[in-house]
$ cat coords-v1.cif   # mmCIF, C-alpha atoms
data_protein
#
loop_
_atom_site.label_atom_id
_atom_site.label_comp_id
_atom_site.auth_asym_id
_atom_site.auth_seq_id
_atom_site.Cartn_x
_atom_site.Cartn_y
_atom_site.Cartn_z
CA MET A 11 -22.73 10.33 -18.90
CA LYS A 12 -23.08 12.32 -15.71
CA ILE A 13 -19.64 13.36 -14.45
CA ALA A 14 -18.56 15.23 -11.32
CA ILE A 15 -15.25 17.06 -11.03
CA LEU A 16 -14.12 17.51 -7.43
CA SER A 17 -12.30 20.83 -7.40
CA ARG A 18 -11.90 23.76 -5.00
CA ASN A 19 -11.99 26.29 -7.84
CA LYS A 20 -14.07 26.07 -10.99
CA ASN A 21 -11.87 28.69 -12.68
CA LEU A 22 -8.62 26.70 -12.47
CA TYR A 23 -7.24 25.82 -15.91
CA SER A 24 -7.33 22.06 -15.33
CA THR A 25 -10.90 22.13 -14.01
CA ARG A 26 -12.14 24.29 -16.88
CA ARG A 27 -10.45 22.18 -19.54
CA LEU A 28 -11.83 18.92 -18.19
CA LYS A 29 -15.33 20.41 -18.08
CA GLU A 30 -15.02 21.76 -21.64
CA ALA A 31 -13.69 18.44 -22.93
CA ALA A 32 -16.48 16.43 -21.27
CA GLU A 33 -19.27 18.77 -22.39
CA GLY A 34 -17.78 18.88 -25.87
CA ARG A 35 -18.27 15.12 -26.03
CA GLY A 36 -21.89 15.36 -24.89
CA HIS A 37 -21.57 14.65 -21.17
CA GLU A 38 -23.25 16.44 -18.27
CA VAL A 39 -20.71 17.90 -15.83
CA ASP A 40 -20.97 19.25 -12.28
CA ILE A 41 -18.04 20.95 -10.55
CA ILE A 42 -18.24 20.31 -6.81
CA ASP A 43 -16.14 21.98 -4.12
CA THR A 44 -14.64 19.03 -2.24
CA LEU A 45 -14.57 20.76 1.14
CA HIS A 46 -18.26 21.64 0.90
CA CYS A 47 -19.28 18.01 0.45
CA TYR A 48 -20.42 16.21 3.57
CA MET A 49 -21.19 12.59 4.14
CA ASP A 50 -24.12 10.69 5.62
CA ILE A 51 -22.22 7.84 7.22
CA THR A 52 -24.99 6.78 9.62
CA SER A 53 -27.32 5.87 6.76
CA SER A 54 -27.79 2.28 5.64
CA ARG A 55 -26.69 3.44 2.19
CA PRO A 56 -23.71 5.72 1.51
CA VAL A 57 -24.67 9.29 0.62
CA VAL A 58 -22.74 12.42 -0.30
CA ARG A 59 -24.54 15.71 0.38
CA PHE A 60 -23.84 19.18 -0.96
CA LYS A 61 -25.59 22.47 -0.11
CA GLY A 62 -28.41 20.71 1.73
CA GLU A 63 -29.16 18.17 -1.00
CA GLU A 64 -28.21 14.59 -1.71
CA LEU A 65 -25.93 14.36 -4.71
CA PRO A 66 -27.03 12.08 -7.55
CA ASN A 67 -25.33 8.86 -8.55
CA TYR A 68 -22.60 10.03 -10.91
CA ASP A 69 -21.26 7.74 -13.61
CA ALA A 70 -17.76 9.05 -13.00
CA ILE A 71 -15.84 11.20 -10.53
CA ILE A 72 -12.70 13.14 -11.49
CA PRO A 73 -10.87 13.98 -8.24
CA ARG A 74 -8.74 17.13 -8.34
CA ILE A 75 -7.59 16.81 -4.73
CA GLY A 76 -4.87 19.26 -3.68
CA ALA A 77 -2.17 18.12 -1.27
CA SER A 78 -3.42 20.49 1.45
CA ILE A 79 -6.80 18.71 1.64
CA SER A 80 -5.64 15.11 1.12
CA PHE A 81 -7.26 13.69 4.26
CA TYR A 82 -10.73 15.15 3.76
CA GLY A 83 -10.54 14.92 -0.02
CA THR A 84 -9.79 11.21 -0.04
CA ALA A 85 -12.61 10.63 2.47
CA VAL A 86 -15.02 12.28 0.01
CA VAL A 87 -13.67 10.20 -2.88
CA ARG A 88 -14.03 7.04 -0.77
CA GLN A 89 -17.66 7.91 -0.07
CA PHE A 90 -18.34 8.29 -3.81
CA GLU A 91 -16.66 4.92 -4.38
CA MET A 92 -19.08 3.34 -1.93
CA THR A 93 -22.02 4.82 -3.83
CA GLY A 94 -20.78 2.89 -6.89
CA SER A 95 -19.46 5.85 -8.92
CA PHE A 96 -16.39 5.14 -11.04
CA CYS A 97 -13.51 7.24 -9.68
CA VAL A 98 -10.74 8.02 -12.16
CA ASN A 99 -8.24 7.84 -9.31
CA GLU A 100 -9.32 5.90 -6.24
CA SER A 101 -8.95 7.15 -2.68
CA VAL A 102 -6.39 4.49 -1.72
CA ALA A 103 -4.21 5.30 -4.74
CA ILE A 104 -4.34 9.05 -4.04
CA SER A 105 -3.34 8.48 -0.39
CA ARG A 106 -0.56 6.12 -1.46
CA SER A 107 0.97 8.63 -3.87
CA ARG A 108 0.66 11.57 -1.45
CA ASP A 109 2.91 9.84 1.06
CA LYS A 110 6.35 10.30 -0.55
CA LEU A 111 7.98 7.73 1.73
CA ARG A 112 5.31 5.09 1.17
CA SER A 113 5.36 5.62 -2.59
CA MET A 114 9.17 5.31 -2.74
CA GLN A 115 9.01 2.09 -0.71
CA LEU A 116 6.37 0.62 -3.03
CA LEU A 117 8.30 1.61 -6.17
CA SER A 118 11.60 0.25 -4.82
CA ARG A 119 10.00 -3.09 -3.99
CA LYS A 120 8.99 -3.47 -7.65
CA GLY A 121 12.43 -2.56 -9.00
CA ILE A 122 11.59 0.90 -10.37
CA GLY A 123 14.65 3.13 -10.85
CA LEU A 124 14.96 5.60 -7.97
CA PRO A 125 17.55 7.98 -6.57
CA ARG A 126 19.19 6.49 -3.47
CA THR A 127 16.91 7.60 -0.64
CA GLY A 128 17.28 7.60 3.13
CA PHE A 129 14.81 8.18 5.94
CA ALA A 130 15.63 8.45 9.63
CA HIS A 131 14.19 9.85 12.84
CA HIS A 132 17.05 10.39 15.28
CA PRO A 133 19.90 12.89 14.67
CA ASP A 134 22.49 10.28 15.78
CA ASN A 135 21.83 8.58 12.44
CA VAL A 136 22.59 11.65 10.33
CA PRO A 137 26.27 11.04 9.34
CA ASP A 138 25.57 7.47 8.24
CA LEU A 139 22.32 8.59 6.56
CA ILE A 140 24.31 11.06 4.45
CA LYS A 141 26.99 8.49 3.65
CA ASN A 142 24.40 5.91 2.65
CA VAL A 143 22.96 8.09 -0.14
CA GLY A 144 26.42 8.82 -1.55
CA GLY A 145 27.40 11.91 0.43
CA ALA A 146 27.07 15.56 -0.50
CA PRO A 147 25.77 17.19 -2.56
CA LEU A 148 22.38 15.74 -1.68
CA VAL A 149 18.72 16.74 -1.65
CA ILE A 150 16.63 17.04 1.50
CA LYS A 151 12.84 16.98 1.10
CA LEU A 152 9.93 17.54 3.44
CA LEU A 153 7.53 14.61 3.05
CA GLU A 154 4.58 16.99 2.92
CA GLY A 155 6.13 19.54 0.53
CA THR A 156 4.61 20.43 -2.85
CA GLN A 157 5.65 22.49 -5.89
CA GLY A 158 9.27 22.50 -4.78
CA ILE A 159 8.51 23.93 -1.33
CA GLY A 160 10.53 22.21 1.40
CA VAL A 161 13.21 20.93 -0.99
CA VAL A 162 16.81 21.89 -0.18
CA LEU A 163 20.06 21.15 -2.03
CA ALA A 164 22.88 20.71 0.48
CA GLU A 165 26.24 21.26 -1.23
CA THR A 166 28.42 19.98 1.63
CA GLU A 167 28.08 17.34 4.33
CA LYS A 168 28.26 19.99 7.08
CA THR A 169 25.42 21.89 5.45
CA ALA A 170 23.44 18.67 5.03
CA GLU A 171 23.88 17.79 8.71
CA ALA A 172 22.78 21.27 9.79
CA VAL A 173 19.66 21.27 7.58
CA ILE A 174 18.64 17.73 8.55
CA GLU A 175 19.07 18.45 12.25
CA ALA A 176 17.09 21.70 11.87
CA PHE A 177 14.19 19.87 10.21
CA MET A 178 14.32 17.12 12.81
CA GLY A 179 14.28 19.75 15.56
CA LEU A 180 10.95 20.88 14.14
CA ASN A 181 9.67 17.26 14.16
CA ALA A 182 9.39 17.39 10.38
CA ASN A 183 9.49 14.15 8.39
CA ILE A 184 12.15 14.30 5.70
CA LEU A 185 13.71 12.26 2.94
CA VAL A 186 17.40 12.49 2.09
CA GLN A 187 18.15 11.74 -1.56
CA GLU A 188 21.10 11.39 -3.85
CA PHE A 189 21.59 14.44 -6.10
CA ILE A 190 21.44 13.46 -9.78
CA LYS A 191 23.94 15.98 -11.11
CA GLU A 192 23.80 14.77 -14.71
CA ALA A 193 20.11 15.76 -14.93
CA GLY A 194 21.31 19.38 -15.09
CA GLY A 195 18.38 20.85 -13.18
CA ALA A 196 15.84 19.33 -15.58
CA ASP A 197 13.21 16.66 -15.13
CA ILE A 198 10.66 14.98 -17.38
CA ARG A 199 6.93 15.04 -16.66
CA CYS A 200 5.21 12.03 -18.19
CA PHE A 201 1.43 12.33 -18.27
CA VAL A 202 -0.03 8.84 -17.96
CA VAL A 203 -3.63 7.97 -18.84
CA GLY A 204 -4.57 4.33 -18.42
CA ASP A 205 -1.69 2.19 -19.59
CA ARG A 206 0.19 4.68 -21.77
CA VAL A 207 2.06 7.96 -21.67
CA VAL A 208 -0.10 10.37 -23.69
CA ALA A 209 2.20 13.41 -23.42
CA ALA A 210 5.62 14.32 -22.06
CA MET A 211 7.58 17.51 -21.47
CA LYS A 212 11.02 18.43 -20.22
CA ARG A 213 10.98 21.00 -17.41
CA GLN A 214 14.16 23.02 -16.98
CA GLY A 215 14.86 24.94 -13.79
CA ALA A 216 15.45 28.68 -13.95
CA GLU A 217 19.05 29.94 -13.99
CA GLY A 218 20.74 28.96 -10.72
CA GLU A 219 17.73 26.88 -9.61
CA PHE A 220 18.01 23.09 -9.26
CA ARG A 221 14.23 22.67 -8.89
CA SER A 222 12.43 22.43 -12.23
CA ASN A 223 8.89 23.26 -11.05
CA LEU A 224 7.06 25.58 -13.44
CA HIS A 225 5.70 27.39 -10.36
CA ARG A 226 9.30 28.36 -9.57
CA GLY A 227 10.04 29.93 -12.94
CA GLY A 228 11.01 26.78 -14.82
CA SER A 229 10.35 26.38 -18.53
CA ALA A 230 8.83 23.46 -20.42
CA VAL A 231 9.39 22.00 -23.89
CA VAL A 232 8.11 18.89 -25.63
CA ILE A 233 10.47 15.91 -25.44
CA LYS A 234 10.76 12.49 -27.07
CA LEU A 235 10.88 9.69 -24.51
CA THR A 236 12.96 6.55 -24.75
CA PRO A 237 11.11 3.20 -24.58
CA GLU A 238 12.64 2.66 -21.12
CA GLU A 239 11.31 6.01 -19.90
CA ARG A 240 7.81 5.22 -21.18
CA ALA A 241 7.85 1.79 -19.57
CA THR A 242 9.09 3.23 -16.26
CA ALA A 243 6.37 5.89 -16.16
CA VAL A 244 3.57 3.42 -16.90
CA ALA A 245 4.92 0.89 -14.40
CA ALA A 246 5.13 3.57 -11.68
CA ALA A 247 1.53 4.64 -12.33
CA ASN A 248 0.34 1.02 -12.18
CA ILE A 249 2.19 0.35 -8.92
CA MET A 250 0.52 3.41 -7.37
CA GLY A 251 -2.85 2.26 -8.73
CA LEU A 252 -3.43 5.56 -10.55
CA ASN A 253 -5.26 5.74 -13.86
CA VAL A 254 -4.38 9.39 -14.49
CA CYS A 255 -1.17 10.86 -13.09
CA GLY A 256 2.02 12.75 -13.72
CA VAL A 257 5.24 10.76 -13.30
CA ASP A 258 8.34 12.88 -12.82
CA LEU A 259 11.59 11.32 -14.05
CA LEU A 260 15.24 12.31 -14.07
CA ARG A 261 17.68 11.12 -16.71
CA SER A 262 20.53 9.60 -14.74
CA SER A 263 23.70 7.80 -15.84
CA ARG A 264 22.02 4.50 -14.92
CA GLY A 265 18.73 5.19 -16.73
CA PRO A 266 15.47 6.89 -15.73
CA VAL A 267 14.80 7.40 -12.02
CA VAL A 268 11.39 8.35 -10.62
CA MET A 269 11.22 11.40 -8.38
CA GLU A 270 7.48 11.55 -7.77
CA VAL A 271 4.09 10.29 -8.92
CA ASN A 272 1.48 13.06 -8.85
CA SER A 273 -2.16 11.97 -8.53
CA SER A 274 -3.56 15.39 -9.50
CA PRO A 275 -1.25 16.69 -12.24
CA GLY A 276 -1.90 20.10 -13.75
CA LEU A 277 -2.95 20.27 -17.38
CA GLU A 278 -1.86 23.77 -18.35
CA GLY A 279 1.88 23.11 -18.59
CA ILE A 280 1.61 19.81 -20.44
CA GLU A 281 -1.04 21.01 -22.91
CA SER A 282 0.84 24.25 -23.60
CA ALA A 283 4.19 22.53 -24.10
CA THR A 284 2.95 19.64 -26.25
CA GLY A 285 -0.10 21.12 -27.99
CA LYS A 286 -2.01 17.92 -27.15
CA ASP A 287 -5.61 17.82 -25.92
CA VAL A 288 -4.79 15.82 -22.80
CA SER A 289 -8.13 16.77 -21.22
CA ALA A 290 -10.01 14.99 -24.00
CA MET A 291 -7.82 11.92 -23.52
CA VAL A 292 -8.87 11.76 -19.86
CA ILE A 293 -12.53 11.93 -20.88
CA GLU A 294 -12.00 9.23 -23.52
CA PHE A 295 -10.51 7.00 -20.81
CA ILE A 296 -13.63 7.54 -18.69
CA GLU A 297 -15.91 6.70 -21.62
CA LYS A 298 -14.12 3.39 -22.14
CA ASN A 299 -13.79 2.38 -18.50
CA ALA A 300 -16.53 3.94 -16.36
CA LYS A 301 -18.91 1.28 -15.10
CA ARG A 302 -20.79 1.26 -11.83
CA ASN A 303 -19.02 -0.51 -8.97
CA LYS A 304 -15.92 -1.02 -11.11
CA ASN A 305 -13.58 0.58 -8.55
CA LYS A 306 -10.99 -1.95 -7.43
CA THR A 307 -11.47 -1.24 -3.73
CA GLN A 308 -15.13 -0.13 -3.87
CA GLY A 309 -14.41 2.11 -0.90
CA LYS A 310 -13.10 -0.76 1.24
CA GLY A 311 -9.45 0.31 1.18
#
$ encode --input "coords-v1.cif" --output "structure tokens"
Amino acid sequence: MKIAILSRNKNLYSTRRLKEAAEGRGHEVDIIDTLHCYMDITSSRPVVRFKGEELPNYDAIIPRIGASISFYGTAVVRQFEMTGSFCVNESVAISRSRDKLRSMQLLSRKGIGLPRTGFAHHPDNVPDLIKNVGGAPLVIKLLEGTQGIGVVLAETEKTAEAVIEAFMGLNANILVQEFIKEAGGADIRCFVVGDRVVAAMKRQGAEGEFRSNLHRGGSAVVIKLTPEERATAVAAANIMGLNVCGVDLLRSSRGPVVMEVNSSPGLEGIESATGKDVSAMVIEFIEKNAKRNKNKTQGKG
């Protein structure tokens, strides 16, 4: 098969591992810088161009689209979809998961366990917003934040009001969420490929840090999931429409709650913690499922 990996940096661990796994199974792989792709939209047939040349018809596209380039990156993925290439994660699904508010709304509609979450625009709503999620302590999140950036734990209601009003004064879109104290600063990353969780790790925040992101000094260990946790992770991935993703769960007193569904999960942490060749599992999924024009939306979404 001829596979393209859309990635800004060919030296990133995840990009390298996917390339190695694909080539190790006999496939031809190109790594293409997403921002250097450009699209011929005036043509009667969809075309993606790169460095002055028309790109070939790839059997499969693996999008590694960072949050900072979501708009342009999903446009490139959509163009590949219209050429008939099988995209591991489709443009609509990536956009859906990148919007934290939209994804929480979609998950809640389908009955997925979630922390109580509030969203409001006007500061007059702040006291009731805080009350509605169970009061302080609570978590305030920027909708556009990544890797724990723009996430604040407000210990008291006065602090929560001050932080929310400050963010609103900057016209920032925020979510206000219940703080799951019993999680103890740890979350679970479930790596979903297709319709199953292929690997899982527990991420523990550094001392004095409630955020468990590995980028913020957290540690990771392999963990055994409960059947309910596995089912929740797979259901969340399916609702988002993602074939490959990371689903972040917290263990709450009422069962697993989903914090986020990541459409471009890193491979280094999960492979190091579990010792599993997750990259090869992604390639195996492509081998079984990649057919021309098999994308659900075919670029129409």
$ closest_atom_pairs --input "coords-v1.cif" --of "stretch 135-194 of chain A" --to "stretch 105-128 of chain A" --cutoff "12 Å" --atoms "all atoms listed in the file" --output "CSV"
residue,atom,partner,partner_atom,distance
A:Asn135,CA,A:Gly128,CA,10.4
A:Val136,CA,A:Gly128,CA,9.8
A:Pro137,CA,A:Gly128,CA,11.5
A:Asp138,CA,A:Gly128,CA,9.7
A:Leu139,CA,A:Gly128,CA,6.2
A:Ile140,CA,A:Gly128,CA,7.9
A:Lys141,CA,A:Gly128,CA,9.8
A:Asn142,CA,A:Gly128,CA,7.3
A:Val143,CA,A:Arg126,CA,5.3
A:Gly144,CA,A:Arg126,CA,7.8
A:Gly145,CA,A:Arg126,CA,10.6
A:Leu148,CA,A:Thr127,CA,9.9
A:Val149,CA,A:Thr127,CA,9.4
A:Ile150,CA,A:Gly128,CA,9.6
A:Lys151,CA,A:Lys110,CA,9.5
A:Leu152,CA,A:Lys110,CA,9.0
A:Leu153,CA,A:Lys110,CA,5.7
A:Glu154,CA,A:Asp109,CA,7.6
A:Gly155,CA,A:Lys110,CA,9.3
A:Thr156,CA,A:Arg108,CA,9.8
A:Ile174,CA,A:Gly128,CA,11.6
A:Asn183,CA,A:Leu111,CA,9.4
A:Ile184,CA,A:Leu111,CA,8.7
A:Leu185,CA,A:Gly128,CA,5.9
A:Val186,CA,A:Gly128,CA,5.0
A:Gln187,CA,A:Thr127,CA,4.4
A:Glu188,CA,A:Arg126,CA,5.3
A:Phe189,CA,A:Pro125,CA,7.6
A:Ile190,CA,A:Pro125,CA,7.4
A:Lys191,CA,A:Pro125,CA,11.2
A:Ala193,CA,A:Pro125,CA,11.7
$ atom_distance --input "coords-v1.cif" --atom1 "atom CA of A:Val244" --atom2 "atom CA of A:Ala283"
20.4 Å
$ atom_distance --input "coords-v1.cif" --atom1 "atom CA of A:Leu252" --atom2 "atom CA of A:Gly160"
24.8 Å
$ resolve_selection --input "coords-v1.cif" --expression "the PyMOL selection byres ((chain A and resi 50) around 12)" --output "PyMOL selection string"
chain A and resi 47-49+51-60+62-65+85-86+89-90+92-93
$ residues_around --input "coords-v1.cif" --residues "A:Tyr23" --least-positions-apart "6" --cutoff "9 Å" --atoms "only C-alpha atoms" --output "PyMOL selection string"
chain A and resi 276-278
$ write_last_selection --input "coords-v1.cif" --atoms "C-alpha atoms" --output "short mmCIF file (atom, residue, chain, number, x, y, z; two decimals), in the frame of the given file"
data_model
loop_
_atom_site.label_atom_id
_atom_site.label_comp_id
_atom_site.auth_asym_id
_atom_site.auth_seq_id
_atom_site.Cartn_x
_atom_site.Cartn_y
_atom_site.Cartn_z
CA GLY A 276 -1.90 20.10 -13.75
CA LEU A 277 -2.95 20.27 -17.38
CA GLU A 278 -1.86 23.77 -18.35
#
$ resolve_selection --input "coords-v1.cif" --expression "the PyMOL selection byres ((chain A and resi 295) around 12)" --output "MDAnalysis selection string"
chainID A and resid 32 70 72 96:99 202:206 208 253:254 288:294 296:301
$ atom_distance --input "coords-v1.cif" --atom1 "atom CA of A:Asp197" --atom2 "atom CA of A:Ala245"
17.8 Å
$ closest_residue --input "coords-v1.cif" --among "A:Thr44, A:Asn67, A:Ser229, A:Ser80" --to "A:Arg18" --atoms "all atoms listed in the file"
A:Thr44
$ closest_residue --input "coords-v1.cif" --among "A:Gly83, A:Pro66, A:Pro237, A:Gly94" --to "A:Val207" --atoms "all atoms listed in the file"
A:Pro237
$ closest_residue --input "coords-v1.cif" --among "A:Ala103, A:Ala146, A:Glu30, A:Ala241" --to "A:Ala164" --atoms "all atoms listed in the file"
A:Ala146
$ closest_residue --input "coords-v1.cif" --among "A:Ala209, A:Cys200, A:Ile71, A:Ala77" --to "A:Glu239" --atoms "only C-alpha atoms"
A:Cys200
$ closest_residue --input "coords-v1.cif" --among "A:Lys61, A:Lys304, A:Val162, A:Met211" --to "A:Gly285" --atoms "only C-alpha atoms"
A:Met211
$ residues_around --input "coords-v1.cif" --residues "A:Thr284" --least-positions-apart "6" --cutoff "10 Å" --atoms "all atoms listed in the file" --output "PyMOL selection string"
chain A and resi 209-211+230-233
$ resolve_selection --input "coords-v1.cif" --expression "the PyMOL selection byres ((chain A and resi 37) around 10)" --output "JSON, numbers by chain"
{"A": [11, 12, 13, 29, 30, 31, 32, 33, 34, 35, 36, 38, 39, 293, 297]}
$ closest_residue --input "coords-v1.cif" --among "A:Arg27, A:Leu45, A:His132, A:Val271" --to "A:Ile104" --atoms "all atoms listed in the file"
A:Val271
$ residues_near_point --input "coords-v1.cif" --point "(18.9, 14.1, -13.6)" --cutoff "12 Å" --atoms "all atoms listed in the file" --output "ChimeraX atom specification"
/A:124-125,188-198,212-215,220-222,258-269
$ axis_aligned_box --input "coords-v1.cif" --around "stretch 187-206 of chain A" --padding-each-side "5 Å" --output "lines of an AutoDock Vina configuration file"
center_x = 9.7
center_y = 11.5
center_z = -11.7
size_x = 38.5
size_y = 28.7
size_z = 30.2
$ decode --input "coords-v1.cif" --residues "stretch 12-40 of chain A" --atoms "C-alpha atoms" --output "PDB file, in the first residue's frame"
ATOM      1  CA  LYS A  12       0.967   3.621  -0.495  1.00  0.00           C
ATOM      2  CA  ILE A  13       0.480   5.550   2.748  1.00  0.00           C
ATOM      3  CA  ALA A  14       0.922   9.235   3.579  1.00  0.00           C
ATOM      4  CA  ILE A  15       1.477  10.521   7.103  1.00  0.00           C
ATOM      5  CA  LEU A  16       0.464  14.160   7.531  1.00  0.00           C
ATOM      6  CA  SER A  17       2.913  15.536  10.077  1.00  0.00           C
ATOM      7  CA  ARG A  18       4.727  18.831  10.684  1.00  0.00           C
ATOM      8  CA  ASN A  19       7.879  17.046  11.840  1.00  0.00           C
ATOM      9  CA  LYS A  20       9.250  13.788  10.477  1.00  0.00           C
ATOM     10  CA  ASN A  21      11.446  13.371  13.576  1.00  0.00           C
ATOM     11  CA  LEU A  22       8.586  13.255  16.096  1.00  0.00           C
ATOM     12  CA  TYR A  23       8.380   9.913  17.902  1.00  0.00           C
ATOM     13  CA  SER A  24       4.834   9.147  16.749  1.00  0.00           C
ATOM     14  CA  THR A  25       5.602   9.988  13.113  1.00  0.00           C
ATOM     15  CA  ARG A  26       8.792   7.912  13.093  1.00  0.00           C
ATOM     16  CA  ARG A  27       7.148   4.906  14.718  1.00  0.00           C
ATOM     17  CA  LEU A  28       4.216   4.879  12.315  1.00  0.00           C
ATOM     18  CA  LYS A  29       6.607   5.091   9.358  1.00  0.00           C
ATOM     19  CA  GLU A  30       8.782   2.275  10.742  1.00  0.00           C
ATOM     20  CA  ALA A  31       5.755   0.088  11.435  1.00  0.00           C
ATOM     21  CA  ALA A  32       4.305   0.614   7.943  1.00  0.00           C
ATOM     22  CA  GLU A  33       7.606   0.056   6.126  1.00  0.00           C
ATOM     23  CA  GLY A  34       8.282  -2.980   8.296  1.00  0.00           C
ATOM     24  CA  ARG A  35       5.074  -4.473   6.924  1.00  0.00           C
ATOM     25  CA  GLY A  36       6.066  -3.758   3.321  1.00  0.00           C
ATOM     26  CA  HIS A  37       4.223  -0.498   2.660  1.00  0.00           C
ATOM     27  CA  GLU A  38       5.506   2.630   0.921  1.00  0.00           C
ATOM     28  CA  VAL A  39       5.324   5.699   3.175  1.00  0.00           C
ATOM     29  CA  ASP A  40       5.577   9.445   2.517  1.00  0.00           C
TER      30      ASP A  40
END
